[in-house]
Amino acid sequence: MTETVSEILKAYRSGAATPADIVARSYERIRAHADPAIFITLRDEKDVLADAKALEGGDKTLPLYGIPVTVKDNIDVAGLPTTAACPAYLYRARRDATAVARLRAAGALILGKTNLDQFATGLVGVRTPYGVGRNLFDAKLIPGGSSTGAALAVGAGIAPLALGTDTAGSGRVPAAFSNTVGLKPSLGLVSTAGLVPACRTLDCVSIFALTVDDAMTALKAVAGPDPADPYSRSRPLRALGAVPDGVRLGVPLAGQRLFFGDKISAAAYDAALARFAEQGAKIVEVDIEPFYAAARLLYEGPWVAERYLTIKDLIASSPESILPVTRQIILAGAHGTAADAFAAFYQLEALRRVREHIFRSLDALVVPTTPTIYTVEQVLADPIQLNSRLGTYTNFVNLLDLCALAVPASMKPDGTPFGVTLLAPNGEDAALAAIGRQFHHATGLPLGALKIPQPALDQSAAAPASGEVALAVVGAHLSGMPLNGELRSAGARLVASTQTAAHYRLFALAGTKPPKPGLLRVKNGAGTAIDVEIWSLSDAAFGRFVAAVPPPLSIGTLELADGGAVKGFLVEAEAIDGARDISSFGGWRKFVANERAAI
C-alpha cells in the first residue's frame, strides 16, 4: 500500500516505485474519478512526469521527494493562472508563493490548482463558477469549502497532500466532509506571501492530508519565518511528542453544544468524547460563549473590510463578475467607521484575555468540526444562514489566535463522515498533533474515501532527535504540574510516559515550594518502579535547564524499566532525613491525587 506520504517515501527508497509511477497513478485517478470541478487548472501530465523524472537519481532523503501535491487556486504557482475562483480576477503568477516554493524545495511535485469558494469566502464549496465538486460520500451533499478541491483531491487519493487556506474554517470544514485531516497552523507559522488575501491579518495556509503524521511532515517543510510576509512569526515548530497522561480536553457546556437539530451529529460528538476518555483524557466542560462572541465579530465586525480591500477595484469596475452571494458579503466591508473598528479591536482583546484564562487549565479544546451538513439544494436556497451555521466551531479560531487540527472521528449511520477539531493557543501545533494522531488511529477509520486502512502509527515519531537530550522528570515538572511550564518554555517536548527500573524510592520533600518529591536509588532489592515522563530538549536547552536545578535535587542517570538509561532528577541522600516515603503510590501524580482526595 502506498497511499500516505510516509508509505510513498518508503517505496521510493526501497526501489519499489518511482516518482513517475506515483504521478501516473495520480492522473489515472483523476480520469477515473471524473470530477472536473476539483481542479481549476490541471497541469499537463507530460509536464509533471518530466518533473518527476528529473527528480530520479536525486536526493531521496528530501522530506517530500516525489510527493504529488495540489494547490488551492488562491495561492500562486509560477507560470500558472491564479483566479481565486473568479475568471475576471485571473492573473498568471510570475513566482511561487513562499509555501509552494518550500514544497518544491522539499521535493514535491505540483499537479495543479484546485477549486474553491470564490475569494475564499464560504464554507460550502458551491460558490464558484467552475462547478460544484462532488461530495465523496453522497453526491447530494455539499463538499465543504472554501478549500473544496484540495480536500476532494486528498480524499479521493489523487494526491496525498494539498495546500489550502483557512481564515474562518476553510481548511477544516471540507476536511470533515471528506474524511481527511485538516491542519490549520498557528498564525504566522507558514508564510502567506503569494496568497490572495481574504483577511490578511487572519489568513493561514493550511494542509490537507490522509494522516496527521503526513500533515506534520508537510508543515515542517513549509513552516518558517519569511521576510516577504510582514505577518510571519519567528516561532520554532516543535517536533512531535507523546500525549501527556490525563491530558485535559475542554468541551462546551452541554447547553452550548449547537447542532441545529442534527441529533446524529450530536451523538457522534458524544461518541468521540467517550473515545478520548477511553484513551485516558480528562473531559472538562468549559463556558465557550466568549468564543461564540468572537465568532460573531468575524462577519459583523471590521474584518469583512479586509475582504473588500482585496477586490474593491474589481467590484467598482465589474461587479457582475463576482457571484451575487460573494458580492453581498464582501460589500458589507465597504461600510463602517474607524470608531467601529477600534470598538471591535477592544472587544476582541478582552476576549483573548478570556481565552488565556480558559486554556490555563487545559491542554486543548475539542469541538465538532461542523455541527451538521447540508445538501447542495439546501445551501443554494439559503446560502448565507446555512453557511454561517457551518462556521459555528471554526469562525472564532483565527481571531483568538488558536491553532487547530481537524481529524476524522467516525462514520455516521448514513455512511458520511463526522469529524472533530482540536484547538490550542498559538505555538501548540505539535501538541495537537500528538493528541490527534493517537485519536485518529484509534478510530480505525479508512483513509479518505479510499476504503483502505490506516497504516500503523510510527512509534519512533516521538523519539529524541539528533542534537536532543532525553530527560526523565518525576515530580513538579510532570505534565500538568506547577513547574511543567519551565520545560515547555525551554522548547521541550514529551517523548513518553514510562517507569524507572525497580531500584528507586520516592520521598515527599519537606518545605519545598511548590511541593516536590525526591527520587533516590537504593540497593539490595529495597526499591520499586516509579512513574516518570521522558522529555526531550536541545543540547543547549538541556545545559541551561540543568544549571538551574536547585539542591538538594540534581540531574543524574536513571535506569528505566526497559533497561535503558536517561538523564533524570535524583535527590541527595541527606535530604530524605525526615521526608515521607511515598514509594507505595508508584509516582508523584498518584500521590498528589490521593492527597487532594483526602482533603
# chains A, B, ... in the order shown; residues from 1 in each chain; ligands from 1

$ select_by_dssp --residues "stretch 528-563 of chain A" --states "strand (DSSP E or B)" --output "ChimeraX atom specification"
/A:528,531-538,553-560

$ residues_around --residues "stretch 193-197 of chain A" --least-positions-apart "3" --cutoff "8 Å" --atoms "only C-alpha atoms" --output "PyMOL selection string"
chain A and resi 74-76+84+96-99+119+200+203+228-229+306-307+310

$ residues_around --residues "A:Phe591" --least-positions-apart "5" --cutoff "12 Å" --atoms "only C-alpha atoms" --output "VMD selection string"
chain A and resid 474 to 476 506 to 508 515 to 517 530 to 531 580 to 586 596 to 598

$ residues_around --residues "stretch 435-443 of chain A" --least-positions-apart "4" --cutoff "8 Å" --atoms "only C-alpha atoms" --output "MDAnalysis selection string"
chainID A and resid 211:213 242:243 275:276 279 405 407:410 422 431 454 456:457

$ write_last_selection --atoms "N, CA and C atoms" --output "mmCIF file, in the first residue's frame"
data_model
loop_
_atom_site.group_PDB
_atom_site.id
_atom_site.type_symbol
_atom_site.label_atom_id
_atom_site.label_comp_id
_atom_site.auth_asym_id
_atom_site.auth_seq_id
_atom_site.Cartn_x
_atom_site.Cartn_y
_atom_site.Cartn_z
ATOM 1 N N THR A 211 -3.283 11.486 6.910
ATOM 2 C CA THR A 211 -2.941 11.208 8.305
ATOM 3 C C THR A 211 -2.333 12.458 8.934
ATOM 4 N N VAL A 212 -2.354 12.487 10.257
ATOM 5 C CA VAL A 212 -1.755 13.611 10.979
ATOM 6 C C VAL A 212 -0.249 13.638 10.758
ATOM 7 N N ASP A 213 0.388 12.470 10.737
ATOM 8 C CA ASP A 213 1.834 12.433 10.528
ATOM 9 C C ASP A 213 2.214 13.056 9.193
ATOM 10 N N ALA A 242 4.720 12.915 22.694
ATOM 11 C CA ALA A 242 3.729 11.960 23.166
ATOM 12 C C ALA A 242 2.568 12.707 23.815
ATOM 13 N N VAL A 243 1.485 11.992 24.077
ATOM 14 C CA VAL A 243 0.316 12.581 24.726
ATOM 15 C C VAL A 243 0.501 12.483 26.238
ATOM 16 N N ARG A 275 -14.511 8.242 23.295
ATOM 17 C CA ARG A 275 -13.272 7.617 22.814
ATOM 18 C C ARG A 275 -12.051 8.325 23.404
ATOM 19 N N PHE A 276 -12.087 9.646 23.449
ATOM 20 C CA PHE A 276 -10.987 10.374 24.077
ATOM 21 C C PHE A 276 -10.827 9.935 25.536
ATOM 22 N N GLN A 279 -9.129 6.737 26.036
ATOM 23 C CA GLN A 279 -7.686 6.844 25.825
ATOM 24 C C GLN A 279 -6.981 7.546 26.983
ATOM 25 N N LEU A 405 -6.533 21.486 14.551
ATOM 26 C CA LEU A 405 -6.317 20.242 13.823
ATOM 27 C C LEU A 405 -7.639 19.501 13.723
ATOM 28 N N VAL A 407 -9.679 16.283 12.617
ATOM 29 C CA VAL A 407 -9.412 14.869 12.366
ATOM 30 C C VAL A 407 -10.730 14.109 12.229
ATOM 31 N N PRO A 408 -10.750 13.069 11.398
ATOM 32 C CA PRO A 408 -11.949 12.236 11.299
ATOM 33 C C PRO A 408 -12.243 11.561 12.635
ATOM 34 N N ALA A 409 -13.525 11.399 12.948
ATOM 35 C CA ALA A 409 -13.915 10.785 14.216
ATOM 36 C C ALA A 409 -14.731 9.512 14.029
ATOM 37 N N SER A 410 -15.623 9.490 13.016
ATOM 38 C CA SER A 410 -16.478 8.315 12.833
ATOM 39 C C SER A 410 -17.216 8.418 11.509
ATOM 40 N N LEU A 422 -9.380 19.765 17.259
ATOM 41 C CA LEU A 422 -8.626 20.104 18.460
ATOM 42 C C LEU A 422 -8.106 21.523 18.333
ATOM 43 N N ALA A 431 1.665 19.742 19.891
ATOM 44 C CA ALA A 431 0.890 19.129 20.967
ATOM 45 C C ALA A 431 -0.453 18.629 20.446
ATOM 46 N N GLN A 454 -5.792 2.613 7.717
ATOM 47 C CA GLN A 454 -4.666 3.464 8.083
ATOM 48 C C GLN A 454 -3.424 2.609 8.328
ATOM 49 N N ALA A 456 0.063 1.574 10.361
ATOM 50 C CA ALA A 456 0.400 1.561 11.780
ATOM 51 C C ALA A 456 1.048 2.886 12.158
ATOM 52 N N LEU A 457 0.818 3.308 13.392
ATOM 53 C CA LEU A 457 1.451 4.536 13.870
ATOM 54 C C LEU A 457 2.960 4.337 13.965
#

$ residues_around --residues "stretch 282-291 of chain A" --least-positions-apart "6" --cutoff "9 Å" --atoms "only C-alpha atoms" --output "list in words"
Gly246, Val247, Arg248, Leu249, Gly250, Val251, Pro252, Leu253, Ala254, Gln256, Leu273, Ala274, Phe276, Leu351, Arg352, Val354, Arg355, Ile358, Leu362, Tyr393, Asn395, Phe396, Val397 and Leu400 of chain A

$ residues_around --residues "A:Ala159" --least-positions-apart "2" --cutoff "12 Å" --atoms "only C-alpha atoms" --output "count of residues only"
46

$ atom_distance --atom1 "atom CA of A:Pro236" --atom2 "atom CA of A:Pro550"
28.3 Å

$ select_by_dssp --residues "stretch 138-168 of chain A" --states "alpha helix (DSSP H)" --output "ChimeraX atom specification"
/A:148-155

$ atom_distance --atom1 "atom CA of A:Arg488" --atom2 "atom CA of A:Ala501"
26.2 Å

$ closest_residue --among "A:Val325, A:Ile373, A:Val132, A:Leu560" --to "A:Leu471" --atoms "only C-alpha atoms"
A:Leu560

$ residues_around --residues "A:Ala575" --least-positions-apart "2" --cutoff "10 Å" --atoms "only C-alpha atoms" --output "PyMOL selection string"
chain A and resi 507+509-510+518+520+551-553+571-573+577-579

$ write_last_selection --atoms "N, CA, C and O atoms" --output "mmCIF file, in the first residue's frame"
data_model
loop_
_atom_site.group_PDB
_atom_site.id
_atom_site.type_symbol
_atom_site.label_atom_id
_atom_site.label_comp_id
_atom_site.auth_asym_id
_atom_site.auth_seq_id
_atom_site.Cartn_x
_atom_site.Cartn_y
_atom_site.Cartn_z
ATOM 1 N N PHE A 507 10.337 10.082 47.729
ATOM 2 C CA PHE A 507 10.075 10.756 49.008
ATOM 3 C C PHE A 507 9.448 12.127 48.755
ATOM 4 O O PHE A 507 9.843 12.838 47.814
ATOM 5 N N LEU A 509 9.495 15.665 49.754
ATOM 6 C CA LEU A 509 10.447 16.511 50.449
ATOM 7 C C LEU A 509 9.735 17.578 51.273
ATOM 8 O O LEU A 509 8.715 18.142 50.841
ATOM 9 N N ALA A 510 10.271 17.884 52.425
ATOM 10 C CA ALA A 510 9.643 18.864 53.321
ATOM 11 C C ALA A 510 10.057 20.277 52.935
ATOM 12 O O ALA A 510 11.201 20.532 52.545
ATOM 13 N N GLY A 518 11.598 13.638 45.920
ATOM 14 C CA GLY A 518 12.985 13.292 45.637
ATOM 15 C C GLY A 518 13.064 11.821 45.289
ATOM 16 O O GLY A 518 12.486 10.974 45.983
ATOM 17 N N LEU A 520 15.403 8.539 44.919
ATOM 18 C CA LEU A 520 16.677 8.050 45.432
ATOM 19 C C LEU A 520 16.893 6.607 44.988
ATOM 20 O O LEU A 520 16.006 5.756 45.152
ATOM 21 N N PRO A 551 19.585 22.575 44.642
ATOM 22 C CA PRO A 551 19.800 21.489 45.594
ATOM 23 C C PRO A 551 18.606 21.402 46.541
ATOM 24 O O PRO A 551 17.892 22.400 46.727
ATOM 25 N N PRO A 552 18.309 20.261 47.092
ATOM 26 C CA PRO A 552 19.104 19.022 47.070
ATOM 27 C C PRO A 552 18.856 18.153 45.828
ATOM 28 O O PRO A 552 19.295 17.008 45.800
ATOM 29 N N LEU A 553 18.149 18.683 44.843
ATOM 30 C CA LEU A 553 17.918 17.924 43.620
ATOM 31 C C LEU A 553 19.129 18.056 42.709
ATOM 32 O O LEU A 553 19.879 19.030 42.770
ATOM 33 N N VAL A 571 17.791 12.869 44.033
ATOM 34 C CA VAL A 571 17.907 13.673 45.239
ATOM 35 C C VAL A 571 19.108 13.209 46.049
ATOM 36 O O VAL A 571 19.471 12.030 46.030
ATOM 37 N N GLU A 572 19.744 14.144 46.747
ATOM 38 C CA GLU A 572 20.852 13.795 47.636
ATOM 39 C C GLU A 572 20.326 12.985 48.822
ATOM 40 O O GLU A 572 19.255 13.287 49.366
ATOM 41 N N ALA A 573 21.071 11.969 49.228
ATOM 42 C CA ALA A 573 20.606 11.067 50.283
ATOM 43 C C ALA A 573 20.327 11.803 51.588
ATOM 44 O O ALA A 573 19.376 11.474 52.316
ATOM 45 N N ASP A 577 16.182 12.715 55.100
ATOM 46 C CA ASP A 577 16.001 12.561 56.550
ATOM 47 C C ASP A 577 14.713 13.264 56.960
ATOM 48 O O ASP A 577 14.544 14.476 56.755
ATOM 49 N N GLY A 578 13.794 12.522 57.533
ATOM 50 C CA GLY A 578 12.520 13.078 57.959
ATOM 51 C C GLY A 578 11.499 13.212 56.858
ATOM 52 O O GLY A 578 10.360 13.617 57.117
ATOM 53 N N ALA A 579 11.882 12.911 55.605
ATOM 54 C CA ALA A 579 10.931 13.002 54.491
ATOM 55 C C ALA A 579 10.019 11.786 54.462
ATOM 56 O O ALA A 579 10.406 10.689 54.880
#

$ atom_distance --atom1 "atom CA of A:Leu487" --atom2 "atom CA of A:Val366"
24.2 Å

$ closest_residue --among "A:Thr369, A:Thr83, A:Thr326, A:Thr18" --to "A:Ile40" --atoms "only C-alpha atoms"
A:Thr83
